[in-house]
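Student: Got a structure for you, entry_0.tsv, holding TSV, C-alpha atoms.
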```tsv
chain	number	residue	atom	x	y	z
H	1	MET	CA	-80.23	44.64	-74.35
H	2	THR	CA	-79.03	42.73	-77.39
H	3	THR	CA	-75.75	44.65	-77.40
H	4	THR	CA	-74.95	44.64	-73.70
H	5	ALA	CA	-75.49	40.92	-73.09
H	6	PRO	CA	-72.69	39.75	-75.40
H	7	GLN	CA	-70.39	42.39	-73.94
H	8	ALA	CA	-71.15	41.19	-70.41
H	9	GLY	CA	-70.47	37.62	-71.53
H	10	LYS	CA	-67.14	38.69	-73.01
H	11	ARG	CA	-66.19	40.45	-69.77
H	12	ARG	CA	-67.06	37.34	-67.74
H	13	GLY	CA	-65.03	35.22	-70.17
H	14	LYS	CA	-62.05	37.55	-69.85
H	15	GLY	CA	-62.39	37.46	-66.06
H	16	ARG	CA	-62.30	33.66	-66.07
H	17	GLY	CA	-59.33	33.75	-68.42
H	18	VAL	CA	-57.39	36.10	-66.14
H	19	LEU	CA	-58.16	33.94	-63.10
H	20	GLY	CA	-57.16	30.81	-65.01
H	21	ASN	CA	-53.87	32.35	-66.11
H	22	THR	CA	-53.19	33.59	-62.59
H	23	GLY	CA	-53.76	30.11	-61.20
H	24	LEU	CA	-51.53	28.60	-63.87
H	25	TYR	CA	-48.72	31.04	-63.18
H	26	ALA	CA	-49.06	30.43	-59.45
H	27	ALA	CA	-48.84	26.66	-59.96
H	28	VAL	CA	-45.81	27.02	-62.22
H	29	GLY	CA	-44.18	29.36	-59.70
H	30	VAL	CA	-44.69	26.89	-56.85
H	31	ALA	CA	-43.35	24.03	-58.98
H	32	ALA	CA	-40.28	26.11	-59.94
H	33	LEU	CA	-39.68	26.98	-56.27
H	34	LEU	CA	-39.87	23.34	-55.23
H	35	PHE	CA	-37.52	22.42	-58.08
H	36	LEU	CA	-34.96	25.04	-56.98
H	37	ILE	CA	-34.94	24.07	-53.29
H	38	PRO	CA	-32.33	21.28	-53.72
H	39	PHE	CA	-30.04	23.66	-55.61
H	40	TYR	CA	-30.43	26.25	-52.87
H	41	LEU	CA	-29.51	23.65	-50.25
H	42	ILE	CA	-26.43	22.62	-52.23
H	43	VAL	CA	-25.16	26.21	-52.54
H	44	ARG	CA	-26.11	27.06	-48.94
H	45	ASN	CA	-24.29	24.04	-47.50
H	46	ALA	CA	-21.32	24.48	-49.85
H	47	LEU	CA	-20.66	27.89	-48.29
H	48	SER	CA	-21.14	26.73	-44.70
H	49	THR	CA	-19.12	24.88	-42.10
H	50	ASP	CA	-19.83	21.30	-41.04
H	51	LEU	CA	-21.24	22.60	-37.75
H	52	GLU	CA	-23.68	24.89	-39.56
H	53	ILE	CA	-24.80	22.03	-41.80
H	54	THR	CA	-25.39	19.48	-39.07
H	55	GLY	CA	-26.18	21.83	-36.16
H	56	GLU	CA	-29.58	22.32	-34.59
H	57	ASN	CA	-29.75	26.06	-35.25
H	58	TRP	CA	-30.75	26.31	-38.90
H	59	LYS	CA	-29.91	29.51	-40.75
H	60	LEU	CA	-31.46	30.51	-44.03
H	61	LEU	CA	-28.27	32.09	-45.35
H	62	PRO	CA	-24.82	30.53	-45.08
H	63	SER	CA	-21.81	32.14	-43.46
H	64	PHE	CA	-20.23	32.36	-46.94
H	65	GLN	CA	-17.12	30.31	-46.32
H	66	TRP	CA	-15.42	31.08	-49.64
H	67	GLY	CA	-12.34	29.29	-48.39
H	68	ASN	CA	-14.16	26.01	-49.00
H	69	ILE	CA	-13.37	26.44	-52.70
H	70	SER	CA	-9.61	26.63	-52.18
H	71	GLU	CA	-9.80	23.84	-49.60
H	72	LEU	CA	-11.51	21.62	-52.16
H	73	PHE	CA	-8.93	22.15	-54.89
H	74	ASP	CA	-5.98	22.04	-52.46
H	75	ASP	CA	-7.06	18.76	-50.87
H	76	PRO	CA	-3.98	16.48	-51.07
H	77	THR	CA	-6.05	13.29	-51.03
H	78	VAL	CA	-8.25	14.15	-54.02
H	79	ASP	CA	-7.18	16.00	-57.16
H	80	PHE	CA	-10.60	17.46	-57.86
H	81	GLY	CA	-9.39	19.66	-60.71
H	82	ARG	CA	-7.96	16.65	-62.52
H	83	SER	CA	-11.18	14.71	-62.00
H	84	MET	CA	-13.17	17.58	-63.54
H	85	VAL	CA	-10.90	17.52	-66.59
H	86	ASN	CA	-11.24	13.74	-66.84
H	87	SER	CA	-15.03	13.93	-66.70
H	88	LEU	CA	-15.07	16.70	-69.30
H	89	VAL	CA	-12.86	14.74	-71.71
H	90	VAL	CA	-14.85	11.53	-71.21
H	91	ALA	CA	-18.24	13.25	-71.56
H	92	VAL	CA	-17.30	15.27	-74.67
H	93	LEU	CA	-15.61	12.40	-76.53
H	94	THR	CA	-18.38	9.96	-75.55
H	95	THR	CA	-21.00	12.39	-76.83
H	96	VAL	CA	-19.23	13.03	-80.13
H	97	GLY	CA	-18.48	9.34	-80.67
H	98	THR	CA	-22.00	8.25	-79.81
H	99	LEU	CA	-23.52	10.80	-82.18
H	100	LEU	CA	-21.27	9.66	-85.01
H	101	VAL	CA	-21.55	5.89	-84.50
H	102	CYS	CA	-25.25	5.71	-83.64
H	103	SER	CA	-26.36	8.21	-86.29
H	104	LEU	CA	-24.48	6.32	-88.99
H	105	ALA	CA	-25.95	3.02	-87.79
H	106	GLY	CA	-29.44	4.51	-87.62
H	107	TYR	CA	-29.12	6.08	-91.06
H	108	GLY	CA	-27.88	2.85	-92.57
H	109	LEU	CA	-30.77	0.88	-91.08
H	110	ALA	CA	-33.29	3.48	-92.24
H	111	ARG	CA	-32.06	4.25	-95.74
H	112	ILE	CA	-29.60	1.70	-97.17
H	113	PRO	CA	-31.49	-1.21	-98.78
H	114	TYR	CA	-30.28	-4.51	-97.38
H	115	ARG	CA	-32.27	-7.71	-97.08
H	116	HIS	CA	-31.05	-8.39	-93.56
H	117	ALA	CA	-31.61	-4.82	-92.33
H	118	ASN	CA	-34.64	-5.75	-90.24
H	119	LYS	CA	-32.79	-8.66	-88.66
H	120	VAL	CA	-29.91	-6.37	-87.71
H	121	PHE	CA	-32.38	-3.86	-86.31
H	122	TYR	CA	-34.10	-6.52	-84.19
H	123	ALA	CA	-30.69	-7.65	-82.94
H	124	VAL	CA	-29.96	-4.08	-81.86
H	125	LEU	CA	-33.30	-3.94	-80.06
H	126	ALA	CA	-32.51	-7.24	-78.36
H	127	THR	CA	-29.49	-5.65	-76.70
H	128	LEU	CA	-31.88	-3.34	-74.84
H	129	MET	CA	-33.37	-6.36	-73.08
H	130	VAL	CA	-30.02	-7.54	-71.71
H	131	PRO	CA	-29.35	-6.17	-68.19
H	132	THR	CA	-26.18	-4.11	-67.84
H	133	ALA	CA	-25.01	-6.35	-65.00
H	134	VAL	CA	-24.82	-9.30	-67.43
H	135	THR	CA	-22.34	-7.57	-69.76
H	136	PHE	CA	-20.41	-5.69	-67.09
H	137	VAL	CA	-17.91	-8.41	-66.19
H	138	PRO	CA	-17.22	-9.51	-69.81
H	139	SER	CA	-16.71	-5.86	-70.77
H	140	PHE	CA	-14.24	-5.37	-67.94
H	141	VAL	CA	-12.33	-8.56	-68.86
H	142	LEU	CA	-12.10	-7.38	-72.47
H	143	VAL	CA	-10.95	-3.88	-71.53
H	144	SER	CA	-8.45	-5.28	-69.03
H	145	SER	CA	-7.01	-7.71	-71.62
H	146	LEU	CA	-6.48	-4.80	-73.99
H	147	GLY	CA	-4.58	-2.88	-71.32
H	148	TRP	CA	-7.11	-0.05	-71.20
H	149	VAL	CA	-7.51	0.14	-67.42
H	150	ASP	CA	-6.78	3.66	-66.12
H	151	THR	CA	-6.97	5.08	-69.64
H	152	TYR	CA	-9.38	7.28	-71.55
H	153	ARG	CA	-9.85	4.47	-74.06
H	154	GLY	CA	-11.21	2.17	-71.38
H	155	LEU	CA	-13.53	4.87	-70.08
H	156	ILE	CA	-14.84	6.00	-73.47
H	157	ILE	CA	-14.80	3.31	-76.16
H	158	PRO	CA	-17.05	0.67	-74.46
H	159	GLY	CA	-19.83	3.25	-74.13
H	160	LEU	CA	-19.77	4.68	-77.64
H	161	PHE	CA	-22.58	2.51	-79.02
H	162	SER	CA	-26.04	2.63	-77.53
H	163	GLY	CA	-28.84	0.46	-78.85
H	164	PHE	CA	-31.47	2.90	-77.65
H	165	THR	CA	-29.74	5.88	-79.30
H	166	CYS	CA	-29.39	3.89	-82.53
H	167	PHE	CA	-33.12	3.11	-82.35
H	168	LEU	CA	-33.96	6.81	-81.90
H	169	PHE	CA	-31.83	7.81	-84.88
H	170	ARG	CA	-33.38	5.13	-87.09
H	171	GLN	CA	-36.89	6.22	-86.21
H	172	TYR	CA	-36.00	9.84	-86.83
H	173	PHE	CA	-34.38	9.16	-90.21
H	174	LEU	CA	-37.40	7.13	-91.31
H	175	GLY	CA	-39.41	10.34	-91.04
H	176	PHE	CA	-36.79	12.51	-92.72
H	177	PRO	CA	-37.96	13.83	-96.13
H	178	LYS	CA	-36.66	11.51	-98.83
H	179	GLU	CA	-37.03	14.23	-101.47
H	180	LEU	CA	-33.99	16.06	-100.09
H	181	GLU	CA	-31.82	12.95	-100.34
H	182	GLU	CA	-33.12	12.12	-103.82
H	183	ALA	CA	-32.19	15.62	-104.97
H	184	ALA	CA	-28.71	15.07	-103.50
H	185	ARG	CA	-28.30	11.81	-105.42
H	186	VAL	CA	-29.32	13.56	-108.62
H	187	ASP	CA	-26.41	15.92	-107.96
H	188	GLY	CA	-24.09	12.92	-107.71
H	189	LEU	CA	-23.90	12.40	-103.95
H	190	GLY	CA	-23.83	8.91	-102.49
H	191	TYR	CA	-25.18	7.74	-99.15
H	192	TRP	CA	-22.27	9.27	-97.23
H	193	GLY	CA	-22.52	12.59	-99.10
H	194	ALA	CA	-26.29	12.75	-98.58
H	195	TYR	CA	-25.88	11.94	-94.90
H	196	TRP	CA	-23.09	14.43	-94.23
H	197	ARG	CA	-24.16	17.33	-96.45
H	198	ILE	CA	-27.96	17.05	-96.40
H	199	VAL	CA	-29.24	14.99	-93.48
H	200	VAL	CA	-26.95	16.21	-90.70
H	201	PRO	CA	-27.28	19.98	-91.37
H	202	ASN	CA	-31.07	19.62	-91.43
H	203	SER	CA	-31.19	17.51	-88.25
H	204	LEU	CA	-29.18	19.66	-85.86
H	205	ASN	CA	-32.12	20.01	-83.45
H	206	PHE	CA	-32.40	16.28	-83.03
H	207	PHE	CA	-28.61	15.86	-82.78
H	208	ALA	CA	-28.53	18.54	-80.06
H	209	ALA	CA	-31.24	16.75	-78.09
H	210	ILE	CA	-29.36	13.44	-78.22
H	211	ALA	CA	-26.08	15.21	-77.42
H	212	THR	CA	-27.54	16.79	-74.30
H	213	ILE	CA	-28.90	13.50	-72.98
H	214	THR	CA	-25.67	11.64	-73.80
H	215	PHE	CA	-23.44	14.28	-72.22
H	216	ILE	CA	-25.43	14.27	-68.98
H	217	SER	CA	-25.42	10.47	-68.86
H	218	ALA	CA	-21.65	10.28	-69.47
H	219	TRP	CA	-20.95	13.00	-66.90
H	220	ASN	CA	-23.03	11.25	-64.22
H	221	SER	CA	-21.67	7.77	-64.91
H	222	PHE	CA	-20.29	6.18	-61.76
H	223	LEU	CA	-19.98	2.38	-61.77
H	224	TRP	CA	-17.92	1.92	-64.95
H	225	PRO	CA	-15.43	4.74	-64.13
H	226	LEU	CA	-15.17	3.34	-60.61
H	227	VAL	CA	-13.99	-0.02	-61.95
H	228	ILE	CA	-11.81	1.23	-64.83
H	229	GLY	CA	-10.35	4.31	-63.12
H	230	GLN	CA	-8.44	2.52	-60.38
H	231	ASP	CA	-5.66	5.09	-60.14
H	232	PRO	CA	-6.63	8.47	-58.57
H	233	SER	CA	-5.21	10.27	-61.61
H	234	SER	CA	-7.92	8.69	-63.79
H	235	TRP	CA	-10.84	9.37	-61.45
H	236	THR	CA	-13.85	11.17	-62.82
H	237	VAL	CA	-15.76	13.76	-60.84
H	238	GLN	CA	-18.31	11.24	-59.56
H	239	ILE	CA	-15.57	9.05	-58.09
H	240	ALA	CA	-13.93	12.10	-56.52
H	241	LEU	CA	-17.24	13.04	-54.91
H	242	SER	CA	-17.59	9.61	-53.32
H	243	SER	CA	-14.09	9.87	-51.82
H	244	PHE	CA	-15.19	12.64	-49.45
H	245	MET	CA	-17.41	10.16	-47.58
H	246	THR	CA	-15.58	7.33	-45.86
H	247	ASN	CA	-16.30	4.94	-43.01
H	248	GLN	CA	-14.50	7.22	-40.56
H	249	THR	CA	-15.38	10.77	-41.62
H	250	VAL	CA	-17.79	12.70	-43.79
H	251	ASN	CA	-16.64	16.12	-45.05
H	252	PHE	CA	-20.05	17.67	-45.59
H	253	HIS	CA	-18.85	21.10	-46.72
H	254	LEU	CA	-16.45	19.59	-49.26
H	255	ILE	CA	-19.12	17.22	-50.58
H	256	PHE	CA	-21.57	20.06	-51.14
H	257	MET	CA	-18.93	22.37	-52.62
H	258	ALA	CA	-17.76	19.63	-54.99
H	259	THR	CA	-21.38	18.91	-55.93
H	260	ALA	CA	-22.08	22.58	-56.63
H	261	ILE	CA	-19.03	22.87	-58.88
H	262	SER	CA	-19.63	19.54	-60.62
H	263	ILE	CA	-23.14	20.48	-61.76
H	264	LEU	CA	-22.03	23.75	-63.37
H	265	PRO	CA	-21.01	22.11	-66.70
H	266	LEU	CA	-24.40	20.38	-66.87
H	267	VAL	CA	-26.19	23.68	-66.27
H	268	PHE	CA	-24.17	25.41	-68.99
H	269	VAL	CA	-24.77	22.59	-71.47
H	270	PHE	CA	-28.50	22.55	-70.76
H	271	LEU	CA	-28.85	26.34	-71.02
H	272	PHE	CA	-26.85	26.44	-74.26
H	273	LEU	CA	-28.73	23.58	-75.92
H	274	GLN	CA	-32.14	24.18	-74.33
H	275	ARG	CA	-33.79	25.60	-77.46
H	276	TRP	CA	-32.51	22.80	-79.69
H	277	LEU	CA	-33.33	20.21	-77.02
H	278	VAL	CA	-37.01	21.19	-76.91
H	279	GLN	CA	-37.27	21.29	-80.71
H	280	GLY	CA	-35.48	17.96	-81.05
H	281	ILE	CA	-37.79	16.23	-78.59
H	282	ALA	CA	-40.79	17.72	-80.42
H	283	GLN	CA	-39.48	16.28	-83.71
H	284	THR	CA	-39.27	12.77	-82.26
H	285	GLY	CA	-43.03	12.73	-81.82
H	286	ILE	CA	-42.77	11.89	-78.12
H	287	LYS	CA	-45.80	13.07	-76.20
H	288	GLY	CA	-45.99	13.64	-72.49
```
Take the structure in the file and give it back as structure tokens.

Tutor:
Amino acid sequence: MTTTAPQAGKRRGKGRGVLGNTGLYAAVGVAALLFLIPFYLIVRNALSTDLEITGENWKLLPSFQWGNISELFDDPTVDFGRSMVNSLVVAVLTTVGTLLVCSLAGYGLARIPYRHANKVFYAVLATLMVPTAVTFVPSFVLVSSLGWVDTYRGLIIPGLFSGFTCFLFRQYFLGFPKELEEAARVDGLGYWGAYWRIVVPNSLNFFAAIATITFISAWNSFLWPLVIGQDPSSWTVQIALSSFMTNQTVNFHLIFMATAISILPLVFVFLFLQRWLVQGIAQTGIKG
């Protein structure tokens, strides 16, 4: 009796564990299915006609109108290929510039001794409390006076610095091991050498996490490119998407096809940086 009772208890515990895992997997599966439904609808409608999208007779599978792809890129009113290139250039350069500028600012605030460092940091935090609408018009006037309308400079440079990203970098560098930097200074490296040769190579996970968030934000930006990119040749993909819906007509199949193609770069970036993104978020100490 003394030997069978613990074994029975173990079997009951294993049974509860199996049931618990099964319920967890089922919940995760349902959540994943619900998450994928919008993507299914985008792909389904992208390969359908307008009548199939808006008609009463709903079909689970589309009629696979592959000609919608060529129709999208051959549309004379919207150069969708050019808008994809514009968005890619803007998103990549904005991401690289933001990482460089904000990481240097955050490292300087965290490591370089300066009696006004806290005041500068509080001033950076104060910018987070200013609504974007307040600075939108002055920013446009400045960009317009510099002649940067319809240029990559006007689309990219005003968004290179982010107070929130600078704050994240400062907080991260405050927790970075000082022993590594002290060893670098013993070898004769200054602040720049320690930052570039020690801090950055050991912080790639965090940089990848910030890069992913910045790239997605730059790719999805709409209002600023709408104002600066006044010529169709400087439109980004978000502006091109909005052009398929006018007061007179709505090209549903082109909207969905353009949407499906426009999210592919985001999917590739997320899949490529997913491992580093999770590790970078874990290193920030953010808890759900």

Student: From the set H:Pro158, H:Asn86, H:Phe215, H:Phe176, which residue has the shortest atom-to-atom contact distance to Thr236 of chain H, counting all atoms listed in the file?

Tutor: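 Ranked by minimum distance to Thr236 of chain H, first place goes to H:Asn86.
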
Student: Take atom CA of Ala208 of chain H and atom CA of Leu241 of chain H and report the distance between them in Å, one decimal.

Tutor: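 That distance, rounded to one decimal, is 28.1 Å.
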
Student: Take atom CA of Phe121 of chain H and atom CA of Leu109 of chain H and report the distance between them in Å, one decimal.

Tutor: 6.9 Å

Student: Using only C-alpha atoms, find the one residue out of H:Phe222, H:Leu254, H:Gly29, H:Leu204 that sits nearest to Leu273 of chain H.

Tutor: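 Ranking H:Phe222, H:Leu254, H:Gly29, H:Leu204 by distance to Leu273 of chain H, first place goes to H:Leu204.
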
Student: If you measure from atom CA of Asp79 of chain H to atom CA of Asp231 of chain H, what distance in Å do you get, rounded to one decimal?

Tutor: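 A separation of 11.4 Å between them.
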
Student: Write out as an MDAnalysis selection string the residues lying within 10 Å of segment 59-76 of chain H, counting only C-alpha atoms and excluding same-chain residues fewer than 6 positions away.

Tutor: chainID H and resid 40:41 43:49 52:53 82 253:258 261

Student: How close does each residue of segment 166-187 of chain H get to segment 197-202 of chain H, giving the shortest atom pair and distance in Å to one decimal for every residue with an atom at most 10 Å away, counting only C-alpha atoms, sorted by chain and residue number, as JSON lines?

Tutor:
```
{"residue": "H:Phe173", "atom": "CA", "partner": "H:Val199", "partner_atom": "CA", "distance": 8.4}
{"residue": "H:Phe176", "atom": "CA", "partner": "H:Val199", "partner_atom": "CA", "distance": 8.0}
{"residue": "H:Pro177", "atom": "CA", "partner": "H:Val199", "partner_atom": "CA", "distance": 9.2}
{"residue": "H:Lys178", "atom": "CA", "partner": "H:Val199", "partner_atom": "CA", "distance": 9.8}
{"residue": "H:Leu180", "atom": "CA", "partner": "H:Ile198", "partner_atom": "CA", "distance": 7.1}
{"residue": "H:Glu181", "atom": "CA", "partner": "H:Ile198", "partner_atom": "CA", "distance": 6.9}
{"residue": "H:Ala183", "atom": "CA", "partner": "H:Ile198", "partner_atom": "CA", "distance": 9.7}
{"residue": "H:Ala184", "atom": "CA", "partner": "H:Ile198", "partner_atom": "CA", "distance": 7.4}
```

Student: Go through H:Ser233, H:Thr127, H:Thr135, H:Thr259 and flag the residue nearest Thr77 of chain H, using all atoms listed in the file for the distances.

Tutor: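 Of H:Ser233, H:Thr127, H:Thr135, H:Thr259, the one nearest Thr77 of chain H is H:Ser233, counting all atoms listed in the file.
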
Student: Do a neighbour search on Ala133 of chain H at 12 Å with only C-alpha atoms, toss out local chain neighbours closer than 5 positions, and write the hits as an NGL selection string.

Tutor: :H and (138-140 or 223-224)

Student: Do a neighbour search on Val227 of chain H at 12 Å with all atoms listed in the file, toss out local chain neighbours closer than 4 positions, and write the hits as a PyMOL selection string.

Tutor: chain H and resi 136-137+139-141+143-144+148-151+154-155+221-223+231-232+234-236+239

Student: I'd like the neighbourhood of Gln238 of chain H as a CSV table (one decimal) with C-alpha atoms, in the frame of the given file, where a residue qualifies if any of its atoms comes within 9 Å (using all atoms listed in the file), though same-chain residues fewer than 5 positions away should be ignored.

Tutor:
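Once everything was written out, this is selection35.csv:
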```csv
chain,number,residue,atom,x,y,z
H,83,SER,CA,-11.2,14.7,-62.0
H,87,SER,CA,-15.0,13.9,-66.7
H,219,TRP,CA,-21.0,13.0,-66.9
H,220,ASN,CA,-23.0,11.2,-64.2
H,221,SER,CA,-21.7,7.8,-64.9
H,222,PHE,CA,-20.3,6.2,-61.8
H,225,PRO,CA,-15.4,4.7,-64.1
H,226,LEU,CA,-15.2,3.3,-60.6
H,243,SER,CA,-14.1,9.9,-51.8
H,262,SER,CA,-19.6,19.5,-60.6
```

Student: Find the residue from H:Ile112, H:Val92, H:Leu51, H:Ala32 that sits nearest to Tyr191 of chain H; use all atoms listed in the file when measuring.

Tutor: H:Ile112

Student: Can you sort out the box for segment 39-49 of chain H, edges along x, y and z, all listed atoms in, 6 Å on every side, with centre and edge lengths in Å to one decimal, as JSON?

Tutor:
```
{"center_x": -24.8, "center_y": 25.3, "center_z": -48.9, "size_x": 23.3, "size_y": 17.3, "size_z": 25.5}
```
